[in-house]
Every structure is written in structure tokens, then in C-alpha cells.
Amino acid sequence: MREITYRQALNEALAEELERDPNVFLMGEEVAEYHGAYKVSQGLLERFGPKRVIDTPISENGFAGLGVGAAMVGLRPIIEFMTSSFSLVAFDQVVNNAPNMFMMSGGQFNIPITFRGPNGPAHQLAATHSHATENLYASVPGLKVCTPATPRDAKGLLKTAVRDDNPVIVLEAELLYSSKGMVEPPDEELLVPLGKAEVKREGSDVSVICYAQTVPLALAAAQQLEDEDISTEIVDLRSIKPLDEKAIFDSVAKTHRAVIVEQDRPFCGVGAEVCYRIQKNIFDALDAPIQRVSQEDVPMPYNERLEKFVLPNADKLISAVKKVCYA
Amino acid sequence: MQRDDQRDEVEMLALMLLIRRFEERASQQYQARKIGGFCHLYIGQEAVAVGAVAATRSDDYIITAYRDHGHALARGTSAGACMAELFGKETGCSRGLGGSMHFFDKTNHMYGGHAIVGAHVPLAAGMAFASKYRSEDRVTLCFFGDGAINQGSFHEALNLIALYKLPVILICENNLFAMGTSVKRSTSVKQIVDRAEGYDIPGDIIDGMNFREVRDKLAEIIGSIRKDSHPAFVEVRTYRYRGHSMSDPASYRTKEELEKYRLDDPIIRLRAQLTREGKLTNEEFDGIDKKAKETVLAAVKFAEQSPELPVERVYDYVCIDGAKP
């Protein structure tokens, strides 16, 4: 194991998959000559050439659709959106074409495509650039959605996504691009399965269910709660869809209390689904009503103080944990 | 490329007749409520799909919009599989899961049947991108209606197709109406083909009621694309005799206009050409028509007798690996 950044981990995943399979190509705005708006594709053009690392015009609906068409005839495109907020411009291709094709064609055309890019609020980018899209995409049948929080998961999930024979959207976390973590050496194949959560910290009093940016947030809160004698278990979903129900139920059945902390919005958010499934399946295991921490239900304001107010944070999480613990 | 061959042209006429008779029967079955959803008929436009197919190689890619019955039949999808699809049966070309607007046939390189207007033009770009990526000389034929040319996806795709010099023929089947809105009320340019100029894509106008012109002009363009990958745009002027869909009485146009086009019917025209040249007798034509009608009746019977997909199998068509939410 060695320590690398989330950005390097993604870069390694892309390079390894481009190297492994000649049908894989990377396409998006600024991915080639500029090396990626966030430098995720650094060095890939030089290594794999302009046939396989392709710059596009600012034309998300066009190049996302090009990817779907290429996938229909057997290529395995990786389509980068500069941010998932821009994927909304390509919503028709991501939602209507990629995941519907298999059903519509009676099983003749599966679409082995990976859509990827940073997702969720970053820092003072205001309403149009701060969308957390995981709940939108997770509500579409046929689309798999994963949300890595660590460099190891970023690499392993992206590699798995590229090899998946269905459309997968990898929602990365811009604010975590420079964060570091331990990852297997490059000569060791690292594949993290889709639909498998991971307990990032064991605890006995309360389960905090989180993903992507809210994982480091939850880990920091858990440290503070430890000082107040509350033992927190951190369940990182890693994939929103398929959802690892078993990991959630196992943890909550042990702690009897659950808080879901998500970076999307409260109305029809990921936490609403998780909450529903917990109460439906293991109602008797609960000692307190489930709490959710999410964004406020408003378009994202630019003002820094207001943005902080809108976002989930450790204080909000700690207060929710105390509520379910009656502490 | 074999062209102007007597046998071929008679075969192509038979294919046009099969489409005509298929659509007439589909219309009747729709009214009898055997067919659900939306149903858009291709009657009047047969020379476009058949002329295009006559100009292609069987492994060229074909993709179209929702008025897709003619393209599938022209490409070789059986009338039975097409009718069964309309009936929602498991033996349909999309297992009864796509319906009228989503005919797919991988074996015959028919890539749908796409019902969001303009949304399949980027897909055509991707298919052609793949051909170029693999250094294959396949050509992608992308059909769409005059209604598609004002969609963002169409414009984005044309730019990408031109930018990457992709082997695509963009075939606009201009039947003068996007649903009930005439081209004159929807489109800023005088001629649809002028749209191509904005992307530096060579454009041409083709008489879509003339099978030979469709075939010959497309064959020439396809030959040029095969030699050296590039895009092309053709505006094929045609006419649909029926409304936009089965529920549309087409009251936005006059009887006189419809009659004018009926006199220029593509089937009558090719028949007259062949008869005049001594390549087809009236008896032979009647025989071909009789056979088309019989084929379609057999298709209806096949569709009626075919099973539906069992409900519990619906989850098999979400993800190819059977992944559950």
C-alpha cells in the first residue's frame, strides 16, 4: 500500500483501463490537451494518443449521445462531465437513451458506458454549479450510481464501472480530489464491487450512513462524539444504486439508531429511500426515529456564510446523532 | 455495387409494396385495438428507406426516428417480427418491449427506432465514431424527419460529425410536417439542406418519391464516404399520406395537396418505369402485390398467436447482469 491522492487514484484507474482494453476511450471537455479541468486525465493524451483521449467542444448532450452510440456497437466509452451540474445538459442522453436501450431493444443492446465527473457542491460556485445529482440518477432504472469517498474506492469503483456492461455514473467529489489515502500498488489489480457498502469505522451506539463528501465529515464528527462517549459506526454506501441494504440493516440492527447524512437535498433525497427501507425491514430494531442531515431545500447561494448554512456539516450531524441517542 | 439490375429493382418494388401493405394492415389492427400506444405510418415514404437500403452494404449501420416500420422491413426484419412487436409480443423484433417507435434488429444492423426527436442523431455520430475508431469502412445512415432539425441534439451532433469527419449520411426525410406544424412555420432557413452548410457538410436534395434517384444519389455518396471518411447531408423530399400518428386526422393540410402527392406515388412510379422498360408485366405486379398481402396476413396471424413475455421477466431487461436495485 502507498498513499496517493483521490485525483491520482482516478488517473491510475483511467490509465489502467485504457491500457487493458483497446475498446475503452476517454472523451470530454478539456480531457486531452488541457489534461482535465481538474487534472484527473494528466498525461493520458501523451500516453494513449488523440484517438483514445479525445477533446470535445462544449456540447454535453452531443458527446454524451456519441458515447451511447459508440457503446451500442461495442466500444466502452468513458464520458467525462466537467461537473455533474453540466450533465444536466445531457440529461436526455444519460436518462433517456443509455439506461433505456436494453429494455427498449428487448435485450439486444446493452450500453457499457461510464459517465463520470465531480458531483455536488464545491465551494462558492452558486446554484448552477453546485448540483448533487445522485438522487436524480439513482431514480432511473438501468443506471448504476456510485459515489467514492476515498482514493482507494475512487480507483476501485471507477475501474469496476468501466468493466460493467451497463451504464454507470461515477459521481466523484471535487473537494476530495486532493485528499490522500492508502491504495494498493499499481501492479495489484484493485476492483471495488458496485453495490457494496463499507464500514469505515466500527461503533456500537449509532449508525451514521453516508457517502462521498459526507464520509470525511462523518468521520470527523465521530471523533468528537467519541469524546462524549457516543460510539459511532460509519457506513459508507459507496454505491447509491445498487444499494447495499444488507450492510445498512446489519449496522442498524447492531446499534438500533440511524442517522443518514447526505450531500443532496432533503426532498426525495437518497436518505429518504434509505430511511424508508430501514423502517420497512427492521422497524423493531429501532430505538429512535431515524434522522436525516442534508442540504437545505434551496438553490445554492453564492455567499459563503449562506452556503455553509445550506450544507450539511459536522455540527448538524452531531446534533442529529444526539437526538437519536437521546443525549 | 450492383445497380439498375432488373431483378434487384423488381425486388425493391416488392419491398416497397410489402411496407405499404404492412402499414395498411397495421392501421386496421390499430383501429381494432390490437396495437397500443402511438403508431406512425410510413405510407408514401417507402422509396426513401428502400432506396437507401438498395444503396448500402448489409453491414452498414442504419438508425432512424419513431416512424421506423419501413426502415426495419427494408433492412430485412421479417413482417412477422415487426407485426408481433406492434402487438407487444415476445416474438417481436424488440420482444414487445419497445413497440411501434422502438424497432431494433441487431442481426440486420438496424439500430432503432428512437422516439425523442433528434436524440438519436448523436447516437449515429457514436456509431460512425466506432467505425472510424476501428478503421472499418462501414457507413452510418441516420434518418430523421424535418421536425428534428431544430433540436439542440441535432445541431450538436452535426458539429461533432463534421469536426471528427465521421462516416455518416444524414438523411432528412422532409415530409413537410413536424406533427401538425409545417416546415414553413418551424424552420428559419428556406431549404432544410442549408442547415448542413453551417457545419461545412456537403448537402444535396433528392426527390424522395423517385426510388431510382434515392438509390443512385445515395450510392454515389456512400461510395465517396467509404473511400475517405466524411459526412454528408441529404434532404429527401417526400410526403406521408396519413396523419402524424394514428390519432391525427391531418386537418392542417388540404385534400388537393394530398392528391397531388398521391399522383406521384413512389410505388406507381417505379412500377411504371419498369413496365415501360419491359421489365415487369401487369400480371407480375399483381402477383407481387398478392404475395405482399399474404405475407402481411401471415404476419398478423403470427403476431396474434405469439406469446407475451411473462410479467416476472420484466426485471431481466433492466441490467444485462440482472443487477437489482
# chains A, B, ... in the order shown; residues from 1 in each chain; ligands from 1
$ select_by_dssp --residues "segment 108-181 of chain A" --states "helix (DSSP H, G or I)" --output "list of chain:residue names"
A:Ala127, A:Thr128, A:His129, A:Glu134, A:Asn135, A:Leu136, A:Tyr137, A:Ala138, A:Pro151, A:Arg152, A:Asp153, A:Ala154, A:Lys155, A:Gly156, A:Leu157, A:Leu158, A:Lys159, A:Thr160, A:Ala161, A:Val162, A:Arg163, A:Glu174, A:Leu175, A:Leu176
$ interface_residues --of "chain B" --to "chain A" --cutoff "7 Å" --atoms "only C-alpha atoms" --output "PyMOL selection string"
chain B and resi 94-95+97-98+102+104+106+122-127+129-130+153+156-157+317-320+324-325
$ residues_around --residues "Ala218 of chain A" --least-positions-apart "4" --cutoff "7 Å" --atoms "only C-alpha atoms" --output "PyMOL selection string"
chain A and resi 214+222+314
$ residues_around --residues "Phe103 of chain B" --least-positions-apart "3" --cutoff "12 Å" --atoms "only C-alpha atoms" --output "PyMOL selection string"
(chain A and resi 101+103-106+108-109) or (chain B and resi 39+62-73+75+77-79+81-86+88+92-100+106+108-115)
$ write_last_selection --atoms "C-alpha atoms" --output "PDB file, in the first residue's frame"
ATOM      1  CA  MET A 101     -31.793   0.945 -24.599  1.00  0.00           C
ATOM      2  CA  MET A 103     -35.256  -2.714 -22.318  1.00  0.00           C
ATOM      3  CA  MET A 104     -36.406  -0.905 -25.473  1.00  0.00           C
ATOM      4  CA  SER A 105     -34.447  -3.223 -27.717  1.00  0.00           C
ATOM      5  CA  GLY A 106     -35.681  -6.345 -25.985  1.00  0.00           C
ATOM      6  CA  GLN A 108     -30.321  -6.631 -27.941  1.00  0.00           C
ATOM      7  CA  PHE A 109     -28.348  -3.540 -26.937  1.00  0.00           C
TER       8      PHE A 109
ATOM      9  CA  CYS B  39     -48.292   4.307 -34.233  1.00  0.00           C
ATOM     10  CA  ILE B  62     -28.959   2.176 -40.001  1.00  0.00           C
ATOM     11  CA  ILE B  63     -30.663   4.257 -37.319  1.00  0.00           C
ATOM     12  CA  THR B  64     -33.902   6.196 -37.515  1.00  0.00           C
ATOM     13  CA  ALA B  65     -36.592   8.005 -35.583  1.00  0.00           C
ATOM     14  CA  TYR B  66     -40.004   6.751 -34.471  1.00  0.00           C
ATOM     15  CA  ARG B  67     -41.546   6.330 -37.961  1.00  0.00           C
ATOM     16  CA  ASP B  68     -39.456   3.207 -38.232  1.00  0.00           C
ATOM     17  CA  HIS B  69     -41.537   0.311 -39.584  1.00  0.00           C
ATOM     18  CA  GLY B  70     -40.401   0.928 -43.165  1.00  0.00           C
ATOM     19  CA  HIS B  71     -36.708   1.012 -42.297  1.00  0.00           C
ATOM     20  CA  ALA B  72     -36.842  -2.269 -40.386  1.00  0.00           C
ATOM     21  CA  LEU B  73     -38.794  -4.037 -43.138  1.00  0.00           C
ATOM     22  CA  ARG B  75     -33.468  -3.819 -43.803  1.00  0.00           C
ATOM     23  CA  THR B  77     -36.624  -7.640 -40.398  1.00  0.00           C
ATOM     24  CA  SER B  78     -39.485 -10.056 -41.052  1.00  0.00           C
ATOM     25  CA  ALA B  79     -43.037  -8.763 -41.297  1.00  0.00           C
ATOM     26  CA  ALA B  81     -41.358  -9.842 -36.127  1.00  0.00           C
ATOM     27  CA  CYS B  82     -42.500  -6.301 -36.936  1.00  0.00           C
ATOM     28  CA  MET B  83     -46.200  -7.044 -36.517  1.00  0.00           C
ATOM     29  CA  ALA B  84     -45.546  -9.038 -33.344  1.00  0.00           C
ATOM     30  CA  GLU B  85     -43.693  -6.004 -31.959  1.00  0.00           C
ATOM     31  CA  LEU B  86     -46.741  -3.837 -32.628  1.00  0.00           C
ATOM     32  CA  GLY B  88     -46.425  -6.352 -27.874  1.00  0.00           C
ATOM     33  CA  GLY B  92     -41.452  -9.056 -31.781  1.00  0.00           C
ATOM     34  CA  CYS B  93     -38.219  -7.529 -33.064  1.00  0.00           C
ATOM     35  CA  SER B  94     -37.802  -5.884 -29.638  1.00  0.00           C
ATOM     36  CA  ARG B  95     -39.614  -8.641 -27.711  1.00  0.00           C
ATOM     37  CA  GLY B  96     -42.672  -6.472 -27.387  1.00  0.00           C
ATOM     38  CA  LEU B  97     -40.766  -4.140 -25.052  1.00  0.00           C
ATOM     39  CA  GLY B  98     -40.192  -1.299 -27.491  1.00  0.00           C
ATOM     40  CA  GLY B  99     -43.380  -1.057 -29.512  1.00  0.00           C
ATOM     41  CA  SER B 100     -44.008   0.819 -32.737  1.00  0.00           C
ATOM     42  CA  LYS B 106     -29.126  -6.185 -34.315  1.00  0.00           C
ATOM     43  CA  ASN B 108     -29.754  -6.782 -39.682  1.00  0.00           C
ATOM     44  CA  HIS B 109     -27.811  -3.783 -38.348  1.00  0.00           C
ATOM     45  CA  MET B 110     -30.954  -1.803 -37.584  1.00  0.00           C
ATOM     46  CA  TYR B 111     -30.135   0.276 -34.501  1.00  0.00           C
ATOM     47  CA  GLY B 112     -33.647   1.580 -33.763  1.00  0.00           C
ATOM     48  CA  GLY B 113     -36.347   3.145 -33.682  1.00  0.00           C
ATOM     49  CA  HIS B 114     -35.794   6.278 -31.460  1.00  0.00           C
ATOM     50  CA  ALA B 115     -38.666   8.344 -30.218  1.00  0.00           C
TER      51      ALA B 115
END
$ atom_distance --atom1 "atom CA of Asp21 of chain A" --atom2 "atom CA of Phe115 of chain A"
17.2 Å
$ residues_around --residues "Val139 of chain B" --least-positions-apart "2" --cutoff "10 Å" --atoms "only C-alpha atoms" --output "number ranges by chain"
B: 56-57, 59-62, 127-128, 131-132, 136-137, 141-142, 166-169, 222-223, 225-226, 229-231
$ write_last_selection --atoms "N, CA and C atoms" --output "short mmCIF file (atom, residue, chain, number, x, y, z; two decimals), in the first residue's frame"
data_model
loop_
_atom_site.label_atom_id
_atom_site.label_comp_id
_atom_site.auth_asym_id
_atom_site.auth_seq_id
_atom_site.Cartn_x
_atom_site.Cartn_y
_atom_site.Cartn_z
N THR B 56 -26.92 0.45 -49.87
CA THR B 56 -25.99 0.13 -48.77
C THR B 56 -25.46 -1.29 -48.87
N ARG B 57 -24.47 -1.53 -48.05
CA ARG B 57 -23.99 -2.89 -47.82
C ARG B 57 -24.73 -3.40 -46.58
N ASP B 59 -23.86 -4.62 -43.91
CA ASP B 59 -23.28 -4.35 -42.58
C ASP B 59 -23.16 -2.85 -42.29
N ASP B 60 -23.69 -2.01 -43.15
CA ASP B 60 -23.73 -0.59 -42.82
C ASP B 60 -24.75 -0.38 -41.70
N TYR B 61 -24.51 0.64 -40.88
CA TYR B 61 -25.40 0.89 -39.75
C TYR B 61 -26.58 1.76 -40.17
N ILE B 62 -27.77 1.36 -39.73
CA ILE B 62 -28.96 2.18 -40.00
C ILE B 62 -29.64 2.53 -38.68
N MET B 127 -21.94 5.73 -33.47
CA MET B 127 -21.77 4.51 -34.26
C MET B 127 -20.71 4.73 -35.33
N ALA B 128 -20.77 5.89 -35.98
CA ALA B 128 -19.80 6.20 -37.02
C ALA B 128 -18.41 6.42 -36.41
N SER B 131 -16.90 3.10 -36.08
CA SER B 131 -16.38 2.56 -37.36
C SER B 131 -15.01 3.15 -37.66
N LYS B 132 -14.90 4.44 -37.47
CA LYS B 132 -13.64 5.12 -37.76
C LYS B 132 -12.56 4.66 -36.77
N GLU B 136 -12.89 0.67 -39.88
CA GLU B 136 -13.79 -0.08 -40.76
C GLU B 136 -14.34 0.89 -41.81
N ASP B 137 -14.80 0.35 -42.94
CA ASP B 137 -15.33 1.25 -43.97
C ASP B 137 -16.87 1.26 -43.99
N LEU B 141 -26.11 5.31 -41.76
CA LEU B 141 -27.22 6.05 -42.36
C LEU B 141 -28.14 6.51 -41.23
N CYS B 142 -28.25 7.80 -41.05
CA CYS B 142 -29.08 8.33 -39.97
C CYS B 142 -30.29 9.06 -40.56
N LEU B 166 -16.77 12.16 -39.48
CA LEU B 166 -17.32 10.82 -39.28
C LEU B 166 -18.09 10.35 -40.52
N PRO B 167 -18.05 9.04 -40.79
CA PRO B 167 -18.70 8.48 -41.97
C PRO B 167 -20.21 8.32 -41.79
N VAL B 168 -20.92 9.41 -41.86
CA VAL B 168 -22.38 9.41 -41.64
C VAL B 168 -23.08 10.08 -42.82
N ILE B 169 -24.18 9.47 -43.29
CA ILE B 169 -25.07 10.23 -44.16
C ILE B 169 -26.27 10.62 -43.33
N ILE B 222 -22.37 7.23 -50.68
CA ILE B 222 -21.82 6.16 -49.84
C ILE B 222 -20.46 5.72 -50.38
N GLY B 223 -20.35 5.61 -51.68
CA GLY B 223 -19.08 5.23 -52.29
C GLY B 223 -17.98 6.21 -51.93
N ILE B 225 -17.91 8.21 -49.30
CA ILE B 225 -17.61 8.13 -47.86
C ILE B 225 -16.73 6.92 -47.56
N ARG B 226 -17.01 5.81 -48.23
CA ARG B 226 -16.23 4.59 -47.99
C ARG B 226 -14.76 4.79 -48.35
N SER B 229 -13.41 8.78 -45.22
CA SER B 229 -14.44 9.09 -44.22
C SER B 229 -14.81 10.58 -44.19
N HIS B 230 -16.09 10.85 -44.40
CA HIS B 230 -16.58 12.23 -44.28
C HIS B 230 -18.10 12.18 -44.12
N PRO B 231 -18.69 13.24 -43.62
CA PRO B 231 -20.15 13.26 -43.51
C PRO B 231 -20.82 13.80 -44.77
#
$ atom_distance --atom1 "atom CA of Arg2 of chain A" --atom2 "atom CA of Asp187 of chain A"
12.0 Å
$ atom_distance --atom1 "atom CA of Ser179 of chain A" --atom2 "atom CA of Ser84 of chain A"
19.7 Å
$ select_by_dssp --residues "segment 98-162 of chain A" --states "strand (DSSP E or B)" --output "list in words"
Thr114, Phe115, Arg116, Gly117, Pro118, Lys144, Val145 and Cys146 of chain A
$ write_last_selection --atoms "N, CA and C atoms" --output "PDB file, in the first residue's frame"
ATOM      1  N   THR A 114     -19.429   4.538 -19.201  1.00  0.00           N
ATOM      2  CA  THR A 114     -19.184   5.151 -17.893  1.00  0.00           C
ATOM      3  C   THR A 114     -19.286   6.665 -18.051  1.00  0.00           C
ATOM      4  N   PHE A 115     -20.168   7.255 -17.299  1.00  0.00           N
ATOM      5  CA  PHE A 115     -20.212   8.714 -17.193  1.00  0.00           C
ATOM      6  C   PHE A 115     -19.520   9.060 -15.879  1.00  0.00           C
ATOM      7  N   ARG A 116     -18.679  10.084 -15.894  1.00  0.00           N
ATOM      8  CA  ARG A 116     -18.012  10.422 -14.636  1.00  0.00           C
ATOM      9  C   ARG A 116     -17.705  11.915 -14.567  1.00  0.00           C
ATOM     10  N   GLY A 117     -17.442  12.360 -13.331  1.00  0.00           N
ATOM     11  CA  GLY A 117     -17.069  13.753 -13.115  1.00  0.00           C
ATOM     12  C   GLY A 117     -17.413  14.143 -11.695  1.00  0.00           C
ATOM     13  N   PRO A 118     -16.929  15.317 -11.280  1.00  0.00           N
ATOM     14  CA  PRO A 118     -17.197  15.753  -9.914  1.00  0.00           C
ATOM     15  C   PRO A 118     -18.660  16.127  -9.714  1.00  0.00           C
ATOM     16  N   LYS A 144     -26.542   2.628 -12.984  1.00  0.00           N
ATOM     17  CA  LYS A 144     -25.900   2.368 -11.699  1.00  0.00           C
ATOM     18  C   LYS A 144     -25.174   3.638 -11.261  1.00  0.00           C
ATOM     19  N   VAL A 145     -25.196   3.908  -9.964  1.00  0.00           N
ATOM     20  CA  VAL A 145     -24.638   5.162  -9.456  1.00  0.00           C
ATOM     21  C   VAL A 145     -23.682   4.871  -8.305  1.00  0.00           C
ATOM     22  N   CYS A 146     -22.434   5.321  -8.431  1.00  0.00           N
ATOM     23  CA  CYS A 146     -21.534   5.143  -7.296  1.00  0.00           C
ATOM     24  C   CYS A 146     -20.878   6.467  -6.914  1.00  0.00           C
TER      25      CYS A 146
END
$ closest_residue --among "B:Ala219, B:Met209, B:Ile35, B:Cys172" --to "Arg269 of chain B" --atoms "only C-alpha atoms"
B:Met209
$ residues_around --residues "Glu189 of chain A" --least-positions-apart "2" --cutoff "10 Å" --atoms "only C-alpha atoms" --output "mmCIF file with C-alpha atoms, in the first residue's frame"
data_model
loop_
_atom_site.group_PDB
_atom_site.id
_atom_site.type_symbol
_atom_site.label_atom_id
_atom_site.label_comp_id
_atom_site.auth_asym_id
_atom_site.auth_seq_id
_atom_site.Cartn_x
_atom_site.Cartn_y
_atom_site.Cartn_z
ATOM 1 C CA ALA A 13 -7.884 3.832 -12.912
ATOM 2 C CA GLU A 16 -5.067 1.041 -16.353
ATOM 3 C CA GLY A 156 -11.588 0.574 -7.497
ATOM 4 C CA LYS A 159 -12.276 0.511 -12.793
ATOM 5 C CA GLU A 184 -2.800 -0.900 -3.335
ATOM 6 C CA PRO A 185 0.297 -0.601 -5.543
ATOM 7 C CA PRO A 186 -0.315 -0.226 -9.293
ATOM 8 C CA ASP A 187 0.742 -3.798 -10.083
ATOM 9 C CA LEU A 191 -11.619 -3.567 -8.190
ATOM 10 C CA VAL A 192 -14.236 -2.377 -5.705
#
$ decode --residues "segment 222-262 of chain A" --atoms "C-alpha atoms" --output "CSV table (one decimal), in the first residue's frame"
chain,number,residue,atom,x,y,z
A,222,ALA,CA,-17.4,10.5,15.1
A,223,GLN,CA,-14.1,11.6,16.6
A,224,GLN,CA,-15.9,14.4,18.5
A,225,LEU,CA,-18.7,12.2,19.6
A,226,GLU,CA,-16.2,9.7,20.9
A,227,ASP,CA,-15.1,12.3,23.4
A,228,GLU,CA,-18.7,12.5,24.6
A,229,ASP,CA,-18.9,8.7,25.0
A,230,ILE,CA,-21.0,8.1,21.9
A,231,SER,CA,-19.7,5.3,19.8
A,232,THR,CA,-20.5,5.9,16.1
A,233,GLU,CA,-20.4,3.4,13.3
A,234,ILE,CA,-19.8,4.9,9.9
A,235,VAL,CA,-21.3,3.1,7.0
A,236,ASP,CA,-20.1,4.4,3.6
A,237,LEU,CA,-22.6,3.4,1.0
A,238,ARG,CA,-20.0,3.8,-1.9
A,239,SER,CA,-22.8,2.9,-4.4
A,240,ILE,CA,-26.2,4.5,-4.3
A,241,LYS,CA,-27.5,2.1,-6.8
A,242,PRO,CA,-27.5,-0.8,-6.4
A,243,LEU,CA,-27.9,0.0,-2.7
A,244,ASP,CA,-26.3,-2.4,-0.2
A,245,GLU,CA,-29.3,-2.9,2.1
A,246,LYS,CA,-27.7,-5.7,4.0
A,247,ALA,CA,-24.8,-3.6,5.2
A,248,ILE,CA,-27.2,-0.9,6.3
A,249,PHE,CA,-29.5,-3.3,8.1
A,250,ASP,CA,-26.6,-5.2,9.7
A,251,SER,CA,-25.3,-2.0,11.2
A,252,VAL,CA,-28.6,-0.6,12.4
A,253,ALA,CA,-29.6,-3.9,13.8
A,254,LYS,CA,-26.5,-3.7,15.9
A,255,THR,CA,-26.7,0.0,17.0
A,256,HIS,CA,-30.5,0.4,17.0
A,257,ARG,CA,-30.1,4.0,15.9
A,258,ALA,CA,-29.6,5.6,12.5
A,259,VAL,CA,-28.7,9.0,11.1
A,260,ILE,CA,-28.3,9.5,7.3
A,261,VAL,CA,-26.0,12.3,6.2
A,262,GLU,CA,-26.2,13.1,2.5
